[in-house]
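Remarks on the structure that follows.
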Amino acid sequence: MAFLELKNVSKSFVSSRSRSTSLAVRDFDLEIAPGEFFCLLGPSGCGKSTVLTMLAGFEHPTGGEIRVNGQPVEGPSKDRCVVFQGDDSLYPWLTAAHNVEFGLRMAGMPSAERRQKVEAALGLVGLSGQGSKFPAELSGGMRQRIQIARALVIQPKVLLMDEPFGALDAQTRHVMQHELRKIWLATKSTVVFITHDIDEAILLGTRVGVMTAGPGGTLRDVVTINIEGERDRLDPAYTRYYAEVHGMIRDEVAKSVRAMAA
Ligand SMILES: Nc1ncnc2c1ncn2[C@@H]1O[C@H](COP(=O)(O)OP(=O)(O)O)[C@@H](O)[C@H]1O
Ligand SMILES: [Mg+2]
């Protein structure tokens, strides 16, 4: 049964200055089963973040319908946790640990249990012992990892991630991809993960959706990645998937570059 459903979803934005409308996403159809790790891949500006903010309930479709567990999405919910692009959504006046703890405190969890969960979540993102620091004392990459810990600690039914590793250096990114894969294998939570990195999509996704070039992108194709357990870039199956997805995305990037030049 579909857990997340996007039925013929479109989104246009009205410019407040010129009063003109622009189409950000068109005719987007997708069903995601519970426990899937769905990666959405596409060139810059094709509408990936717009799809995610609609799934989160921060924006509403201007056409079509989005359902979660059979219910129409009417707004944000604590069952759908978002990790945004960039690292500036932490509370600067709270320590790293208190930022991670915030959602648990709001949910009324007793403090001993909270402390234990926060320590475990900081450990998962490689920041054990850094909890007493304030965001301003941490690097951008560390702040981004605090955001991820803050989402993981809640164990939401749905985890929505918008290029969460985009700003990390290559080494940290590889470590985080590996950790996220392990966490997902252990928890099998439903994840929608936005990226423009083919490599990342194939390392993490149960399926990879490729969007057409924007503006007004839609879903072009979905590739199922049948590699169990930990994934390895040297695996011949990985290389085959890479070539397949690369072919699709190359066409779309070429279109988007032509559109920008026009
Ligand atoms: N709040 C907004 N108001 C107006 N236009 C927007 C808004 N959000 C996104 N857009 C436009 O929608 C298109 C898709 O954007 P986005 O979803 O951010 O793409 P992506 O995440 O794939 O790079 C772009 O043309 C962008 O300028
Ligand atoms: Mg985006």
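As shown in the structure tokens, the chain order sets the letters A, B, ...; within each chain, residues go from 1, and ligands are also counted from 1 in the order they appear.
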Distance filter 8 Å around ligand 2, atoms: only C-alpha atoms and all ligand atoms, out as a count of residues only: 10
Expected selection as a PyMOL selection string for ligand 1 within 10 Å, only C-alpha atoms and all ligand atoms: chain A and resi 11-16+21-25+40-54+59+85+162-163+194-196+211-217
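Those residues that approach Phe134 of chain A to within 8 Å, counting only C-alpha atoms, are Pro92, Trp93, Leu94, Thr95, Ala96, Glu137 and Leu138 of chain A; same-chain residues fewer than 3 positions away are not listed.
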Residues near segment 174-187 of chain A, cut-off 10 Å, only C-alpha atoms, skip fewer than 6 positions along chain, as a VMD selection string: chain A and resid 35 to 37 124 to 126 145 148 152 155 164 to 165 168 200 to 201 203 to 205 228 to 232
Which of segment 128-184 of chain A fall in strand (DSSP E or B), as a list in words: Val158, Leu159, Leu160, Met161 and Asp162 of chain A
Could you name the residues that touch Ile249 of chain A at 7 Å or less, counting only C-alpha atoms, but leaving out those on the same chain fewer than 4 positions away, as a PDB file with N, CA and C atoms, in the first residue's frame?
```
ATOM      1  N   GLY A  42      17.577  15.484  -9.696  1.00  0.00           N
ATOM      2  CA  GLY A  42      17.235  16.331 -10.844  1.00  0.00           C
ATOM      3  C   GLY A  42      18.090  17.568 -10.871  1.00  0.00           C
ATOM      4  N   VAL A 210      14.117  10.325 -11.217  1.00  0.00           N
ATOM      5  CA  VAL A 210      14.820  11.389 -11.939  1.00  0.00           C
ATOM      6  C   VAL A 210      13.781  12.369 -12.472  1.00  0.00           C
ATOM      7  N   VAL A 245      21.395   5.802 -14.629  1.00  0.00           N
ATOM      8  CA  VAL A 245      20.876   7.070 -14.101  1.00  0.00           C
ATOM      9  C   VAL A 245      21.643   8.246 -14.705  1.00  0.00           C
ATOM     10  N   VAL A 253      20.203  17.662 -17.597  1.00  0.00           N
ATOM     11  CA  VAL A 253      21.091  18.789 -17.306  1.00  0.00           C
ATOM     12  C   VAL A 253      21.351  19.573 -18.590  1.00  0.00           C
TER      13      VAL A 253
END
```
Residue list (helix (DSSP H, G or I), DSSP) for segment 76-254 of chain A, as a ChimeraX atom specification: /A:96-106,111-124,135-137,140-153,170-187,198-204,236-254
Within 12 Å of segment 97-110 of chain A using only C-alpha atoms, minus same-chain residues under 2 positions, as a PyMOL selection string: chain A and resi 78-79+81+89-95+112-123+125+127-135+143-156
Output of the above residues as a CSV table (one decimal), in the first residue's frame, restricted to N, CA and C atoms:
```csv
chain,number,residue,atom,x,y,z
A,78,LYS,N,4.4,16.5,13.2
A,78,LYS,CA,5.6,16.0,13.8
A,78,LYS,C,6.0,14.6,13.3
A,79,ASP,N,5.1,13.9,12.6
A,79,ASP,CA,5.4,12.6,12.0
A,79,ASP,C,6.2,12.8,10.8
A,81,CYS,N,9.4,14.8,9.6
A,81,CYS,CA,10.5,15.7,10.0
A,81,CYS,C,11.3,16.1,8.9
A,89,SER,N,19.2,26.4,10.6
A,89,SER,CA,17.9,26.3,11.2
A,89,SER,C,18.0,25.9,12.7
A,90,LEU,N,19.2,25.9,13.3
A,90,LEU,CA,19.4,25.6,14.7
A,90,LEU,C,19.0,26.9,15.5
A,91,TYR,N,18.6,26.7,16.8
A,91,TYR,CA,18.5,27.8,17.7
A,91,TYR,C,19.8,28.2,18.2
A,92,PRO,N,20.3,29.5,17.9
A,92,PRO,CA,21.6,29.9,18.2
A,92,PRO,C,21.8,30.0,19.8
A,93,TRP,N,20.7,30.2,20.5
A,93,TRP,CA,20.9,30.4,21.9
A,93,TRP,C,20.8,29.1,22.7
A,94,LEU,N,20.7,28.0,22.0
A,94,LEU,CA,20.7,26.6,22.7
A,94,LEU,C,22.0,25.9,22.3
A,95,THR,N,22.5,25.1,23.2
A,95,THR,CA,23.7,24.3,22.9
A,95,THR,C,23.3,23.2,21.9
A,112,ALA,N,16.0,12.0,32.0
A,112,ALA,CA,17.0,10.9,31.9
A,112,ALA,C,17.0,10.2,30.6
A,113,GLU,N,15.8,9.9,30.1
A,113,GLU,CA,15.6,9.2,28.8
A,113,GLU,C,16.1,10.2,27.7
A,114,ARG,N,15.7,11.5,27.8
A,114,ARG,CA,16.1,12.5,26.8
A,114,ARG,C,17.6,12.5,26.7
A,115,ARG,N,18.3,12.6,27.8
A,115,ARG,CA,19.8,12.7,27.8
A,115,ARG,C,20.4,11.5,27.1
A,116,GLN,N,19.9,10.3,27.4
A,116,GLN,CA,20.4,9.1,26.7
A,116,GLN,C,20.2,9.1,25.2
A,117,LYS,N,19.0,9.5,24.8
A,117,LYS,CA,18.7,9.6,23.4
A,117,LYS,C,19.5,10.6,22.6
A,118,VAL,N,19.7,11.8,23.3
A,118,VAL,CA,20.5,12.9,22.7
A,118,VAL,C,22.0,12.4,22.5
A,119,GLU,N,22.5,11.8,23.5
A,119,GLU,CA,23.9,11.3,23.5
A,119,GLU,C,24.0,10.3,22.3
A,120,ALA,N,23.0,9.4,22.2
A,120,ALA,CA,23.1,8.4,21.1
A,120,ALA,C,23.0,9.0,19.8
A,121,ALA,N,22.1,10.0,19.6
A,121,ALA,CA,22.0,10.7,18.3
A,121,ALA,C,23.2,11.5,18.0
A,122,LEU,N,23.9,12.1,19.0
A,122,LEU,CA,25.1,12.8,18.7
A,122,LEU,C,26.2,11.9,18.3
A,123,GLY,N,26.2,10.7,18.9
A,123,GLY,CA,27.2,9.6,18.5
A,123,GLY,C,27.0,9.2,17.1
A,125,VAL,N,26.0,10.8,14.5
A,125,VAL,CA,26.5,11.8,13.5
A,125,VAL,C,27.9,12.2,13.8
A,127,LEU,N,29.4,13.2,16.7
A,127,LEU,CA,29.6,14.4,17.5
A,127,LEU,C,29.5,14.2,19.0
A,128,SER,N,29.9,13.0,19.4
A,128,SER,CA,29.9,12.6,20.8
A,128,SER,C,30.8,13.6,21.5
A,129,GLY,N,30.4,14.1,22.7
A,129,GLY,CA,31.2,15.0,23.4
A,129,GLY,C,31.2,16.5,23.0
A,130,GLN,N,30.4,16.8,21.9
A,130,GLN,CA,30.4,18.2,21.4
A,130,GLN,C,29.1,18.9,21.8
A,131,GLY,N,28.3,18.2,22.6
A,131,GLY,CA,26.9,18.7,22.9
A,131,GLY,C,26.9,20.0,23.7
A,132,SER,N,27.9,20.3,24.4
A,132,SER,CA,27.8,21.5,25.2
A,132,SER,C,28.2,22.8,24.4
A,133,LYS,N,28.6,22.6,23.1
A,133,LYS,CA,29.0,23.8,22.3
A,133,LYS,C,27.7,24.4,21.7
A,134,PHE,N,27.8,25.7,21.5
A,134,PHE,CA,26.8,26.5,20.8
A,134,PHE,C,27.0,26.4,19.3
A,135,PRO,N,25.9,26.6,18.5
A,135,PRO,CA,26.1,26.5,17.1
A,135,PRO,C,27.2,27.4,16.5
A,143,ARG,N,27.3,21.8,12.2
A,143,ARG,CA,25.9,22.3,12.5
A,143,ARG,C,24.9,21.5,11.6
A,144,GLN,N,25.3,21.1,10.4
A,144,GLN,CA,24.4,20.3,9.6
A,144,GLN,C,24.2,19.0,10.2
A,145,ARG,N,25.2,18.4,10.8
A,145,ARG,CA,25.1,17.1,11.5
A,145,ARG,C,24.2,17.2,12.7
A,146,ILE,N,24.2,18.4,13.4
A,146,ILE,CA,23.3,18.6,14.6
A,146,ILE,C,21.9,18.5,14.1
A,147,GLN,N,21.7,19.2,12.9
A,147,GLN,CA,20.3,19.2,12.4
A,147,GLN,C,19.8,17.8,12.1
A,148,ILE,N,20.7,16.9,11.6
A,148,ILE,CA,20.4,15.5,11.2
A,148,ILE,C,20.1,14.8,12.5
A,149,ALA,N,21.0,15.0,13.6
A,149,ALA,CA,20.7,14.3,14.9
A,149,ALA,C,19.4,14.7,15.4
A,150,ARG,N,19.0,16.0,15.3
A,150,ARG,CA,17.8,16.5,15.8
A,150,ARG,C,16.6,15.8,15.2
A,151,ALA,N,16.7,15.5,13.9
A,151,ALA,CA,15.7,14.8,13.2
A,151,ALA,C,15.6,13.3,13.6
A,152,LEU,N,16.8,12.7,13.6
A,152,LEU,CA,16.9,11.3,13.9
A,152,LEU,C,16.4,10.9,15.3
A,153,VAL,N,16.6,11.8,16.3
A,153,VAL,CA,16.3,11.5,17.7
A,153,VAL,C,14.8,11.4,17.9
A,154,ILE,N,14.0,12.0,17.0
A,154,ILE,CA,12.6,12.0,17.2
A,154,ILE,C,12.0,10.7,16.6
A,155,GLN,N,12.8,10.0,15.8
A,155,GLN,CA,12.4,8.8,15.1
A,155,GLN,C,11.0,9.0,14.4
A,156,PRO,N,11.0,10.0,13.5
A,156,PRO,CA,9.7,10.3,12.8
A,156,PRO,C,9.3,9.2,11.9
```
A:Thr218, A:Asn226, A:Thr206, A:Asn69 ranked by distance to Leu30 of chain A, top pick (using only C-alpha atoms):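 Comparing A:Thr218, A:Asn226, A:Thr206, A:Asn69 against Leu30 of chain A, the winner is A:Thr218.
Minimum atom-to-atom distance to Arg26 of chain A, evaluated using only C-alpha atoms, belongs to A:Gly63 out of A:Gly63, A:Gly209, A:Gly141, A:Pro236.
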Top pick for closest residue to Leu6 of chain A, considering A:Val68, A:Val208, A:Ile202, A:Ile227 and counting only C-alpha atoms: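 That would be A:Val68, the residue with the smallest distance to Leu6 of chain A.
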Residue nearest Val192 of chain A - candidates A:Thr172, A:Tyr238, A:Arg19, A:Leu159, atoms counted: only C-alpha atoms: A:Leu159
